[in-house]
Amino acid sequence: MRSVEDQQIKVTAAAVAPRPVRVAISEAQGLLCAEDVVTERPLPGFDQAAIDGYAVRSVDVASAGADIRDEDGELVDLTLPVVGEVLAGSRQPIRLQPRQTVRVATGAPLPTLADAVLPLDFTDGGRGRLKVYEPVRSGDYVRRAGDDVQPGDVAVHAGTIIGPAQVGLLAAVGQDKVLIHPRPRLSVISIGEELVDIDRAPGPGQVYDVNSYALAAAARDAGADVNRVGIVDADPRRLRDVVEGQLVRAEVVVIAGAVGGWASDQVCEALEGLGELEITRVAMHPGSVQGFGRLGRDEVPTFLLPSNPVGALVVFEVMVRPLIRIALGRRQPMRRIVRARTITPIQSMAGRKGYLRAQLMRDEATGEYLVQPLGNSAGASSHLLAAMSEANSLIVVEPDDTEIRTGDKVRVAFLAQRG
């Protein structure tokens, strides 16, 4: 048998990232930025009020709150005339004269000569004349032009995953499009005389096509742009025509039900001459029998997966998903691994790296990870899809570790997080 690591090296060496494309920022979310986006304008684009209040020259309110009295010994309030109001979006320039104030809304452009904003709580809220109770310093409650981003700054760096904050920043600096690494296109095909689609009732000896739906979902979760071809007649000529059609439109092709027994011979016969294709045994469980090759003029990575849905999903997770992540430009294509303490004994097959469905949880008292295997960890129930649907992780068991005791620590790979 070939080791899992050797097969992964063979597979990931075939990963080819699609050429970067420029898309609208609304379509870039979740993708990797392929350029340094250099901004040509400051953000904010002008001095603006950070809060609702009154624009002032800080020097004019420096004495507010001080113990200043008139000739009769009465306390004197600092007052300023309110000479206007500026709302957010205003285009009418206002010049502030000494010892004047202008009421401003959050985001409003600051009047010329104003260098601070008085919060409403520092005043009596007057409309004609304003009593000022506390001073402010120059720059208080003001968003200065370029405080966030200056012209020439890199707003979003190449290699950054574009999320909501990056989309917002690109919009804020006036960038309507961005160069990204696109999702690799992946086609999923199911073969098997026993298969029917889910819109039909299965007859005697027939089962629903689970693989094309499950693998398409797994590919989308990995970041691919998926074409679910569905069930294809196992007739060699028909299968070859379909596969050749997908090789010119996809960067990755996955064929489920293509290994094991007579299926291997039939698929190899159908695809003969299209390129390198190898069916091999990999020292892993489930999914030890699998195929991989590069087919067509563009040497498209093509995977042959077992018909068992759980085995197909595990092989996809271990072999296909890393290739997709590399094609997306991700620096770390593998799942996050943690160490967790088992809460029940685990058995695994000797000589094979086990990928066992499990529930990963955390001890609230200690913060330690705990893991509970699902189903028969030794593999007799590896076909049971319900246990896979309950799993949020895979326990990764080395080939020599056949017996793991309660309380032992194991390596656990995160799957999709719930909730």
# chains A, B, ... in the order shown; residues from 1 in each chain; ligands from 1
>>> residues_around(residues="range 224-230 of chain A", least_positions_apart="5", cutoff="9 Å", atoms="only C-alpha atoms", output="compact mmCIF listing (two decimals) with N, CA and C atoms, in the first residue's frame")
# COMPACT_ATOMS: atom_id res chain seq x y z
N PRO A 182 -9.82 32.95 -8.45
CA PRO A 182 -11.19 32.43 -8.56
C PRO A 182 -11.31 31.02 -8.00
N ARG A 183 -12.54 30.63 -7.77
CA ARG A 183 -12.81 29.27 -7.31
C ARG A 183 -12.51 28.29 -8.44
N PRO A 184 -11.78 27.21 -8.16
CA PRO A 184 -11.58 26.20 -9.20
C PRO A 184 -12.90 25.51 -9.53
N ARG A 185 -13.11 25.24 -10.80
CA ARG A 185 -14.34 24.57 -11.23
C ARG A 185 -14.17 23.06 -11.06
N LEU A 186 -15.15 22.46 -10.42
CA LEU A 186 -15.09 21.02 -10.13
C LEU A 186 -16.37 20.35 -10.60
N SER A 187 -16.23 19.24 -11.30
CA SER A 187 -17.38 18.46 -11.77
C SER A 187 -17.45 17.15 -11.00
N VAL A 188 -18.68 16.79 -10.58
CA VAL A 188 -18.91 15.55 -9.83
C VAL A 188 -19.80 14.63 -10.65
N ILE A 189 -19.33 13.39 -10.84
CA ILE A 189 -20.06 12.39 -11.61
C ILE A 189 -20.27 11.17 -10.74
N SER A 190 -21.46 10.57 -10.79
CA SER A 190 -21.74 9.30 -10.11
C SER A 190 -21.98 8.22 -11.15
N ILE A 191 -21.40 7.05 -10.95
CA ILE A 191 -21.70 5.92 -11.83
C ILE A 191 -22.14 4.74 -10.97
N ASP A 197 -31.87 8.88 -9.21
CA ASP A 197 -31.84 10.22 -8.63
C ASP A 197 -32.95 10.34 -7.59
N ASP A 209 -28.87 8.11 -5.45
CA ASP A 209 -27.53 8.66 -5.70
C ASP A 209 -27.20 9.65 -4.58
N ASN A 211 -23.84 10.11 -3.54
CA ASN A 211 -22.49 10.66 -3.69
C ASN A 211 -22.43 11.98 -4.44
N SER A 212 -23.17 12.10 -5.54
CA SER A 212 -23.03 13.34 -6.31
C SER A 212 -23.50 14.54 -5.50
N TYR A 213 -24.53 14.35 -4.65
CA TYR A 213 -25.00 15.45 -3.81
C TYR A 213 -24.03 15.74 -2.67
N LEU A 215 -20.80 14.91 -2.34
CA LEU A 215 -19.49 15.38 -2.80
C LEU A 215 -19.57 16.80 -3.37
N ALA A 216 -20.67 17.12 -4.03
CA ALA A 216 -20.85 18.50 -4.51
C ALA A 216 -20.89 19.47 -3.34
N ALA A 217 -21.59 19.07 -2.27
CA ALA A 217 -21.65 19.92 -1.08
C ALA A 217 -20.27 20.07 -0.44
N ALA A 218 -19.51 18.96 -0.37
CA ALA A 218 -18.17 19.01 0.20
C ALA A 218 -17.26 19.91 -0.64
N ALA A 219 -17.42 19.86 -1.95
CA ALA A 219 -16.59 20.70 -2.83
C ALA A 219 -16.93 22.18 -2.67
N VAL A 242 -18.99 11.89 -21.54
CA VAL A 242 -19.29 12.82 -20.45
C VAL A 242 -18.01 13.34 -19.82
N GLN A 246 -16.41 17.21 -19.49
CA GLN A 246 -16.08 17.90 -18.25
C GLN A 246 -14.61 18.33 -18.20
N ALA A 250 -13.68 22.02 -16.55
CA ALA A 250 -13.38 21.95 -15.12
C ALA A 250 -11.88 21.88 -14.87
N ILE A 324 -8.04 21.46 -3.71
CA ILE A 324 -8.89 22.64 -3.96
C ILE A 324 -8.36 23.85 -3.21
N ARG A 325 -7.96 23.66 -1.95
CA ARG A 325 -7.49 24.78 -1.14
C ARG A 325 -6.19 25.36 -1.71
N LEU A 328 -7.01 27.46 -4.64
CA LEU A 328 -7.56 28.74 -4.22
C LEU A 328 -6.48 29.70 -3.75
>>> residues_around(residues="Val142 in chain A", least_positions_apart="4", cutoff="10 Å", atoms="only C-alpha atoms", output="PDB file with all heavy atoms, in the first residue's frame")
ATOM      1  N   ASP A  47     -11.937  66.332   6.654  1.00  0.00           N
ATOM      2  CA  ASP A  47     -12.128  66.431   8.103  1.00  0.00           C
ATOM      3  C   ASP A  47     -13.621  66.410   8.402  1.00  0.00           C
ATOM      4  O   ASP A  47     -14.396  67.167   7.783  1.00  0.00           O
ATOM      5  CB  ASP A  47     -11.516  67.733   8.632  1.00  0.00           C
ATOM      6  CG  ASP A  47     -10.000  67.742   8.547  1.00  0.00           C
ATOM      7  OD1 ASP A  47      -9.416  66.685   8.287  1.00  0.00           O
ATOM      8  OD2 ASP A  47      -9.406  68.822   8.725  1.00  0.00           O
ATOM      9  N   GLN A  48     -14.048  65.573   9.337  1.00  0.00           N
ATOM     10  CA  GLN A  48     -15.476  65.454   9.601  1.00  0.00           C
ATOM     11  C   GLN A  48     -15.737  65.252  11.085  1.00  0.00           C
ATOM     12  O   GLN A  48     -14.848  64.832  11.834  1.00  0.00           O
ATOM     13  CB  GLN A  48     -16.088  64.297   8.805  1.00  0.00           C
ATOM     14  CG  GLN A  48     -15.456  62.952   9.068  1.00  0.00           C
ATOM     15  CD  GLN A  48     -16.014  61.843   8.189  1.00  0.00           C
ATOM     16  OE1 GLN A  48     -16.653  60.925   8.691  1.00  0.00           O
ATOM     17  NE2 GLN A  48     -15.738  61.922   6.888  1.00  0.00           N
ATOM     18  N   ALA A  49     -16.970  65.592  11.469  1.00  0.00           N
ATOM     19  CA  ALA A  49     -17.377  65.442  12.868  1.00  0.00           C
ATOM     20  C   ALA A  49     -17.536  63.965  13.202  1.00  0.00           C
ATOM     21  O   ALA A  49     -18.179  63.221  12.461  1.00  0.00           O
ATOM     22  CB  ALA A  49     -18.680  66.188  13.121  1.00  0.00           C
ATOM     23  N   ALA A  50     -16.958  63.542  14.335  1.00  0.00           N
ATOM     24  CA  ALA A  50     -17.068  62.155  14.763  1.00  0.00           C
ATOM     25  C   ALA A  50     -18.342  61.904  15.560  1.00  0.00           C
ATOM     26  O   ALA A  50     -18.739  60.743  15.742  1.00  0.00           O
ATOM     27  CB  ALA A  50     -15.853  61.767  15.596  1.00  0.00           C
ATOM     28  N   ILE A  51     -18.988  62.961  16.048  1.00  0.00           N
ATOM     29  CA  ILE A  51     -20.220  62.851  16.837  1.00  0.00           C
ATOM     30  C   ILE A  51     -21.118  64.034  16.521  1.00  0.00           C
ATOM     31  O   ILE A  51     -20.691  65.024  15.904  1.00  0.00           O
ATOM     32  CB  ILE A  51     -19.920  62.833  18.361  1.00  0.00           C
ATOM     33  CG1 ILE A  51     -19.183  64.114  18.760  1.00  0.00           C
ATOM     34  CG2 ILE A  51     -19.143  61.587  18.763  1.00  0.00           C
ATOM     35  CD1 ILE A  51     -19.036  64.298  20.258  1.00  0.00           C
ATOM     36  N   ALA A  55     -19.115  72.406  16.180  1.00  0.00           N
ATOM     37  CA  ALA A  55     -17.754  72.626  15.704  1.00  0.00           C
ATOM     38  C   ALA A  55     -17.238  73.943  16.279  1.00  0.00           C
ATOM     39  O   ALA A  55     -17.937  74.969  16.233  1.00  0.00           O
ATOM     40  CB  ALA A  55     -17.733  72.662  14.185  1.00  0.00           C
ATOM     41  N   THR A 106     -23.009  63.972  12.971  1.00  0.00           N
ATOM     42  CA  THR A 106     -21.963  62.977  12.768  1.00  0.00           C
ATOM     43  C   THR A 106     -21.714  62.771  11.279  1.00  0.00           C
ATOM     44  O   THR A 106     -22.645  62.552  10.508  1.00  0.00           O
ATOM     45  CB  THR A 106     -22.379  61.633  13.398  1.00  0.00           C
ATOM     46  OG1 THR A 106     -22.651  61.830  14.784  1.00  0.00           O
ATOM     47  CG2 THR A 106     -21.290  60.594  13.235  1.00  0.00           C
ATOM     48  N   GLY A 107     -20.439  62.860  10.874  1.00  0.00           N
ATOM     49  CA  GLY A 107     -20.068  62.688   9.476  1.00  0.00           C
ATOM     50  C   GLY A 107     -20.094  63.950   8.661  1.00  0.00           C
ATOM     51  O   GLY A 107     -19.691  63.942   7.492  1.00  0.00           O
ATOM     52  N   PRO A 109     -18.948  67.555   7.176  1.00  0.00           N
ATOM     53  CA  PRO A 109     -17.641  68.176   6.983  1.00  0.00           C
ATOM     54  C   PRO A 109     -17.417  69.279   8.007  1.00  0.00           C
ATOM     55  O   PRO A 109     -18.326  70.045   8.317  1.00  0.00           O
ATOM     56  CB  PRO A 109     -17.706  68.720   5.556  1.00  0.00           C
ATOM     57  CG  PRO A 109     -19.145  68.804   5.220  1.00  0.00           C
ATOM     58  CD  PRO A 109     -19.841  67.748   6.010  1.00  0.00           C
ATOM     59  N   LEU A 110     -16.211  69.361   8.522  1.00  0.00           N
ATOM     60  CA  LEU A 110     -15.891  70.352   9.542  1.00  0.00           C
ATOM     61  C   LEU A 110     -15.725  71.724   8.889  1.00  0.00           C
ATOM     62  O   LEU A 110     -15.054  71.836   7.845  1.00  0.00           O
ATOM     63  CB  LEU A 110     -14.599  69.945  10.254  1.00  0.00           C
ATOM     64  CG  LEU A 110     -14.482  70.225  11.738  1.00  0.00           C
ATOM     65  CD1 LEU A 110     -15.563  69.476  12.505  1.00  0.00           C
ATOM     66  CD2 LEU A 110     -13.107  69.837  12.241  1.00  0.00           C
ATOM     67  N   ALA A 114     -12.343  75.328  12.145  1.00  0.00           N
ATOM     68  CA  ALA A 114     -12.741  74.516  13.301  1.00  0.00           C
ATOM     69  C   ALA A 114     -11.749  73.370  13.464  1.00  0.00           C
ATOM     70  O   ALA A 114     -11.328  72.756  12.480  1.00  0.00           O
ATOM     71  CB  ALA A 114     -14.143  73.970  13.107  1.00  0.00           C
ATOM     72  N   ASP A 115     -11.340  73.092  14.709  1.00  0.00           N
ATOM     73  CA  ASP A 115     -10.382  72.014  14.940  1.00  0.00           C
ATOM     74  C   ASP A 115     -10.851  71.022  16.003  1.00  0.00           C
ATOM     75  O   ASP A 115     -10.097  70.148  16.411  1.00  0.00           O
ATOM     76  CB  ASP A 115      -9.018  72.586  15.328  1.00  0.00           C
ATOM     77  CG  ASP A 115      -9.027  73.284  16.679  1.00  0.00           C
ATOM     78  OD1 ASP A 115     -10.123  73.632  17.168  1.00  0.00           O
ATOM     79  OD2 ASP A 115      -7.934  73.494  17.249  1.00  0.00           O
ATOM     80  N   ALA A 116     -12.112  71.162  16.446  1.00  0.00           N
ATOM     81  CA  ALA A 116     -12.648  70.241  17.456  1.00  0.00           C
ATOM     82  C   ALA A 116     -14.164  70.291  17.405  1.00  0.00           C
ATOM     83  O   ALA A 116     -14.764  71.197  16.811  1.00  0.00           O
ATOM     84  CB  ALA A 116     -12.146  70.601  18.847  1.00  0.00           C
ATOM     85  N   VAL A 117     -14.774  69.292  18.039  1.00  0.00           N
ATOM     86  CA  VAL A 117     -16.233  69.249  18.146  1.00  0.00           C
ATOM     87  C   VAL A 117     -16.590  69.128  19.622  1.00  0.00           C
ATOM     88  O   VAL A 117     -16.039  68.272  20.334  1.00  0.00           O
ATOM     89  CB  VAL A 117     -16.839  68.083  17.344  1.00  0.00           C
ATOM     90  CG1 VAL A 117     -18.340  67.966  17.595  1.00  0.00           C
ATOM     91  CG2 VAL A 117     -16.568  68.252  15.853  1.00  0.00           C
ATOM     92  N   LEU A 118     -17.508  69.995  20.066  1.00  0.00           N
ATOM     93  CA  LEU A 118     -18.029  69.905  21.434  1.00  0.00           C
ATOM     94  C   LEU A 118     -19.158  68.885  21.473  1.00  0.00           C
ATOM     95  O   LEU A 118     -20.142  69.018  20.745  1.00  0.00           O
ATOM     96  CB  LEU A 118     -18.592  71.254  21.871  1.00  0.00           C
ATOM     97  CG  LEU A 118     -17.617  72.333  22.335  1.00  0.00           C
ATOM     98  CD1 LEU A 118     -18.348  73.676  22.393  1.00  0.00           C
ATOM     99  CD2 LEU A 118     -17.045  71.979  23.699  1.00  0.00           C
ATOM    100  N   SER A 138      -7.668  70.488  20.673  1.00  0.00           N
ATOM    101  CA  SER A 138      -7.605  70.402  19.211  1.00  0.00           C
ATOM    102  C   SER A 138      -7.597  68.939  18.785  1.00  0.00           C
ATOM    103  O   SER A 138      -6.820  68.129  19.297  1.00  0.00           O
ATOM    104  CB  SER A 138      -6.343  71.101  18.708  1.00  0.00           C
ATOM    105  OG  SER A 138      -6.284  71.032  17.289  1.00  0.00           O
ATOM    106  N   ASP A 147      -6.965  59.798   8.304  1.00  0.00           N
ATOM    107  CA  ASP A 147      -6.685  59.106   9.567  1.00  0.00           C
ATOM    108  C   ASP A 147      -6.652  57.594   9.388  1.00  0.00           C
ATOM    109  O   ASP A 147      -5.867  56.892  10.021  1.00  0.00           O
ATOM    110  CB  ASP A 147      -7.755  59.454  10.616  1.00  0.00           C
ATOM    111  CG  ASP A 147      -7.377  60.669  11.453  1.00  0.00           C
ATOM    112  OD1 ASP A 147      -6.238  61.148  11.285  1.00  0.00           O
ATOM    113  OD2 ASP A 147      -8.213  61.115  12.253  1.00  0.00           O
TER     114      ASP A 147
END
>>> closest_residue(among="A:Gly311, A:Gly174, A:Gly223, A:Pro98", to="Ala24 in chain A", atoms="only C-alpha atoms")
A:Gly174
>>> residues_around(residues="Gly287 in chain A", least_positions_apart="2", cutoff="10 Å", atoms="only C-alpha atoms", output="compact mmCIF listing (two decimals) with N, CA and C atoms, in the first residue's frame")
# COMPACT_ATOMS: atom_id res chain seq x y z
N VAL A 259 -14.25 2.86 -8.30
CA VAL A 259 -13.20 1.91 -7.90
C VAL A 259 -13.83 0.77 -7.11
N ARG A 281 -4.04 1.25 -3.86
CA ARG A 281 -4.49 1.08 -2.48
C ARG A 281 -3.65 2.00 -1.60
N VAL A 282 -4.33 2.81 -0.82
CA VAL A 282 -3.68 3.76 0.08
C VAL A 282 -3.89 3.27 1.50
N ALA A 283 -2.89 3.36 2.32
CA ALA A 283 -2.96 2.83 3.69
C ALA A 283 -3.80 3.75 4.58
N MET A 284 -5.10 3.78 4.30
CA MET A 284 -6.04 4.58 5.09
C MET A 284 -7.35 3.83 5.18
N HIS A 285 -8.14 4.20 6.15
CA HIS A 285 -9.47 3.61 6.29
C HIS A 285 -10.41 4.67 6.87
N VAL A 289 -9.12 1.98 -1.37
CA VAL A 289 -9.01 1.83 -2.82
C VAL A 289 -9.49 3.13 -3.47
N GLN A 290 -8.63 3.76 -4.21
CA GLN A 290 -8.96 5.04 -4.85
C GLN A 290 -8.10 5.23 -6.09
N LEU A 305 -13.36 7.72 -6.83
CA LEU A 305 -13.71 7.50 -5.44
C LEU A 305 -14.60 6.27 -5.30
N PRO A 306 -14.64 5.67 -4.10
CA PRO A 306 -15.49 4.49 -3.90
C PRO A 306 -16.97 4.84 -3.95
N SER A 307 -17.79 3.82 -4.05
CA SER A 307 -19.24 4.03 -4.07
C SER A 307 -19.82 4.25 -2.68
N ASN A 308 -19.14 3.74 -1.64
CA ASN A 308 -19.57 3.92 -0.26
C ASN A 308 -19.54 5.43 0.06
N PRO A 309 -20.68 6.05 0.39
CA PRO A 309 -20.68 7.51 0.60
C PRO A 309 -19.74 7.99 1.70
N VAL A 310 -19.64 7.24 2.79
CA VAL A 310 -18.73 7.65 3.86
C VAL A 310 -17.29 7.57 3.38
N GLY A 311 -16.94 6.46 2.72
CA GLY A 311 -15.59 6.33 2.18
C GLY A 311 -15.29 7.41 1.17
N ALA A 312 -16.28 7.72 0.32
CA ALA A 312 -16.08 8.76 -0.69
C ALA A 312 -15.84 10.12 -0.04
N LEU A 313 -16.62 10.43 1.01
CA LEU A 313 -16.45 11.71 1.70
C LEU A 313 -15.10 11.80 2.41
N VAL A 314 -14.66 10.69 2.99
CA VAL A 314 -13.37 10.71 3.69
C VAL A 314 -12.23 10.88 2.69
N VAL A 315 -12.27 10.16 1.58
CA VAL A 315 -11.23 10.32 0.56
C VAL A 315 -11.24 11.76 0.03
N PHE A 316 -12.43 12.30 -0.17
CA PHE A 316 -12.52 13.69 -0.61
C PHE A 316 -11.85 14.61 0.40
N VAL A 318 -9.53 13.98 2.63
CA VAL A 318 -8.09 13.77 2.80
C VAL A 318 -7.31 14.11 1.53
N GLY A 354 -6.29 5.71 10.24
CA GLY A 354 -7.74 5.77 10.41
C GLY A 354 -8.26 7.19 10.46
N TYR A 355 -9.40 7.40 9.83
CA TYR A 355 -10.11 8.68 9.88
C TYR A 355 -11.50 8.37 10.43
N SER A 382 -18.47 1.48 8.70
CA SER A 382 -17.95 2.63 7.96
C SER A 382 -18.90 3.11 6.88
>>> residues_around(residues="Val86 in chain A", least_positions_apart="6", cutoff="7 Å", atoms="only C-alpha atoms", output="JSON, numbers by chain")
{"A": [103, 104, 105, 108]}
>>> write_last_selection(atoms="N, CA, C and O atoms", output="PDB file, in the first residue's frame")
ATOM      1  N   ARG A 103     -23.442  74.128  14.629  1.00  0.00           N
ATOM      2  CA  ARG A 103     -23.956  72.812  15.003  1.00  0.00           C
ATOM      3  C   ARG A 103     -23.649  71.840  13.878  1.00  0.00           C
ATOM      4  O   ARG A 103     -23.870  72.142  12.691  1.00  0.00           O
ATOM      5  N   VAL A 104     -23.123  70.633  14.216  1.00  0.00           N
ATOM      6  CA  VAL A 104     -22.741  69.651  13.192  1.00  0.00           C
ATOM      7  C   VAL A 104     -23.314  68.285  13.543  1.00  0.00           C
ATOM      8  O   VAL A 104     -23.483  67.944  14.718  1.00  0.00           O
ATOM      9  N   ALA A 105     -23.622  67.507  12.510  1.00  0.00           N
ATOM     10  CA  ALA A 105     -24.078  66.122  12.676  1.00  0.00           C
ATOM     11  C   ALA A 105     -22.896  65.181  12.450  1.00  0.00           C
ATOM     12  O   ALA A 105     -21.899  65.542  11.817  1.00  0.00           O
ATOM     13  N   ALA A 108     -20.544  65.049   9.241  1.00  0.00           N
ATOM     14  CA  ALA A 108     -20.595  66.322   8.511  1.00  0.00           C
ATOM     15  C   ALA A 108     -19.197  66.869   8.315  1.00  0.00           C
ATOM     16  O   ALA A 108     -18.325  66.712   9.183  1.00  0.00           O
TER      17      ALA A 108
END
>>> residues_around(residues="range 340-342 of chain A", least_positions_apart="5", cutoff="7 Å", atoms="only C-alpha atoms", output="PDB file with C-alpha atoms, in the first residue's frame")
ATOM      1  CA  TYR A 369     -10.671  19.150  24.196  1.00  0.00           C
ATOM      2  CA  LEU A 370     -12.587  15.878  24.562  1.00  0.00           C
ATOM      3  CA  VAL A 371     -13.576  13.579  21.714  1.00  0.00           C
ATOM      4  CA  GLN A 372     -16.247  10.884  21.341  1.00  0.00           C
ATOM      5  CA  THR A 406     -10.109   5.957  27.430  1.00  0.00           C
ATOM      6  CA  GLY A 407      -8.260   9.105  28.456  1.00  0.00           C
ATOM      7  CA  ASP A 408      -5.497   8.814  25.842  1.00  0.00           C
ATOM      8  CA  LYS A 409      -4.790  11.864  23.715  1.00  0.00           C
ATOM      9  CA  VAL A 410      -5.374  11.688  19.965  1.00  0.00           C
ATOM     10  CA  ARG A 411      -5.097  14.031  17.000  1.00  0.00           C
ATOM     11  CA  VAL A 412      -8.451  15.398  15.813  1.00  0.00           C
TER      12      VAL A 412
END
>>> select_by_dssp(residues="range 152-320 of chain A", states="strand (DSSP E or B)", output="PyMOL selection string")
chain A and resi 154-156+161+177-181+185-191+195-196+207-208+225-232+252-256+275-282+284-285+289-295+300-305
>>> select_by_dssp(residues="range 6-155 of chain A", states="alpha helix (DSSP H)", output="PDB file with all heavy atoms, in the first residue's frame")
ATOM      1  N   ASP A   6       2.343   9.965   0.993  1.00  0.00           N
ATOM      2  CA  ASP A   6       2.864   9.878  -0.373  1.00  0.00           C
ATOM      3  C   ASP A   6       1.770  10.153  -1.402  1.00  0.00           C
ATOM      4  O   ASP A   6       2.014  10.816  -2.425  1.00  0.00           O
ATOM      5  CB  ASP A   6       3.470   8.492  -0.623  1.00  0.00           C
ATOM      6  CG  ASP A   6       4.823   8.313   0.057  1.00  0.00           C
ATOM      7  OD1 ASP A   6       5.395   9.330   0.514  1.00  0.00           O
ATOM      8  OD2 ASP A   6       5.296   7.165   0.151  1.00  0.00           O
ATOM      9  N   GLN A   7       0.560   9.652  -1.130  1.00  0.00           N
ATOM     10  CA  GLN A   7      -0.543   9.914  -2.057  1.00  0.00           C
ATOM     11  C   GLN A   7      -0.911  11.399  -2.045  1.00  0.00           C
ATOM     12  O   GLN A   7      -1.211  11.975  -3.105  1.00  0.00           O
ATOM     13  CB  GLN A   7      -1.756   9.052  -1.691  1.00  0.00           C
ATOM     14  CG  GLN A   7      -2.933   9.179  -2.657  1.00  0.00           C
ATOM     15  CD  GLN A   7      -2.686   8.522  -4.016  1.00  0.00           C
ATOM     16  OE1 GLN A   7      -1.601   8.000  -4.274  1.00  0.00           O
ATOM     17  NE2 GLN A   7      -3.677   8.560  -4.877  1.00  0.00           N
ATOM     18  N   GLN A   8      -0.901  12.021  -0.883  1.00  0.00           N
ATOM     19  CA  GLN A   8      -1.196  13.452  -0.816  1.00  0.00           C
ATOM     20  C   GLN A   8      -0.168  14.266  -1.586  1.00  0.00           C
ATOM     21  O   GLN A   8      -0.521  15.241  -2.260  1.00  0.00           O
ATOM     22  CB  GLN A   8      -1.251  13.915   0.637  1.00  0.00           C
ATOM     23  CG  GLN A   8      -2.516  13.495   1.375  1.00  0.00           C
ATOM     24  CD  GLN A   8      -2.497  13.911   2.826  1.00  0.00           C
ATOM     25  OE1 GLN A   8      -1.448  13.949   3.471  1.00  0.00           O
ATOM     26  NE2 GLN A   8      -3.663  14.219   3.371  1.00  0.00           N
ATOM     27  N   ILE A   9       1.104  13.883  -1.492  1.00  0.00           N
ATOM     28  CA  ILE A   9       2.145  14.598  -2.249  1.00  0.00           C
ATOM     29  C   ILE A   9       1.884  14.469  -3.744  1.00  0.00           C
ATOM     30  O   ILE A   9       1.987  15.451  -4.496  1.00  0.00           O
ATOM     31  CB  ILE A   9       3.539  14.043  -1.881  1.00  0.00           C
ATOM     32  CG1 ILE A   9       3.911  14.447  -0.451  1.00  0.00           C
ATOM     33  CG2 ILE A   9       4.592  14.533  -2.867  1.00  0.00           C
ATOM     34  CD1 ILE A   9       5.152  13.758   0.086  1.00  0.00           C
ATOM     35  N   LYS A  10       1.528  13.274  -4.185  1.00  0.00           N
ATOM     36  CA  LYS A  10       1.244  13.042  -5.605  1.00  0.00           C
ATOM     37  C   LYS A  10       0.056  13.878  -6.070  1.00  0.00           C
ATOM     38  O   LYS A  10       0.079  14.497  -7.140  1.00  0.00           O
ATOM     39  CB  LYS A  10       0.964  11.549  -5.824  1.00  0.00           C
ATOM     40  CG  LYS A  10       0.628  11.156  -7.255  1.00  0.00           C
ATOM     41  CD  LYS A  10       0.363   9.670  -7.333  1.00  0.00           C
ATOM     42  CE  LYS A  10      -0.056   9.249  -8.758  1.00  0.00           C
ATOM     43  NZ  LYS A  10       1.057   9.376  -9.717  1.00  0.00           N
ATOM     44  N   VAL A  11      -0.987  13.907  -5.238  1.00  0.00           N
ATOM     45  CA  VAL A  11      -2.215  14.633  -5.595  1.00  0.00           C
ATOM     46  C   VAL A  11      -1.985  16.139  -5.603  1.00  0.00           C
ATOM     47  O   VAL A  11      -2.322  16.840  -6.567  1.00  0.00           O
ATOM     48  CB  VAL A  11      -3.349  14.257  -4.613  1.00  0.00           C
ATOM     49  CG1 VAL A  11      -4.503  15.236  -4.732  1.00  0.00           C
ATOM     50  CG2 VAL A  11      -3.831  12.837  -4.885  1.00  0.00           C
ATOM     51  N   THR A  12      -1.437  16.670  -4.516  1.00  0.00           N
ATOM     52  CA  THR A  12      -1.318  18.130  -4.412  1.00  0.00           C
ATOM     53  C   THR A  12      -0.321  18.703  -5.402  1.00  0.00           C
ATOM     54  O   THR A  12      -0.400  19.892  -5.755  1.00  0.00           O
ATOM     55  CB  THR A  12      -0.938  18.544  -2.980  1.00  0.00           C
ATOM     56  OG1 THR A  12       0.254  17.858  -2.579  1.00  0.00           O
ATOM     57  CG2 THR A  12      -2.063  18.209  -2.009  1.00  0.00           C
TER      58      THR A  12
END
>>> residues_around(residues="Ala145 in chain A", least_positions_apart="3", cutoff="7 Å", atoms="only C-alpha atoms", output="list in words")
Pro42, Leu43, Pro44, Gly45, Phe46 and Asp47 of chain A
>>> residues_around(residues="range 165-169 of chain A", least_positions_apart="5", cutoff="10 Å", atoms="only C-alpha atoms", output="NGL selection string")
:A and (24-29 or 33 or 43 or 148-149 or 155-157 or 160 or 174-178)
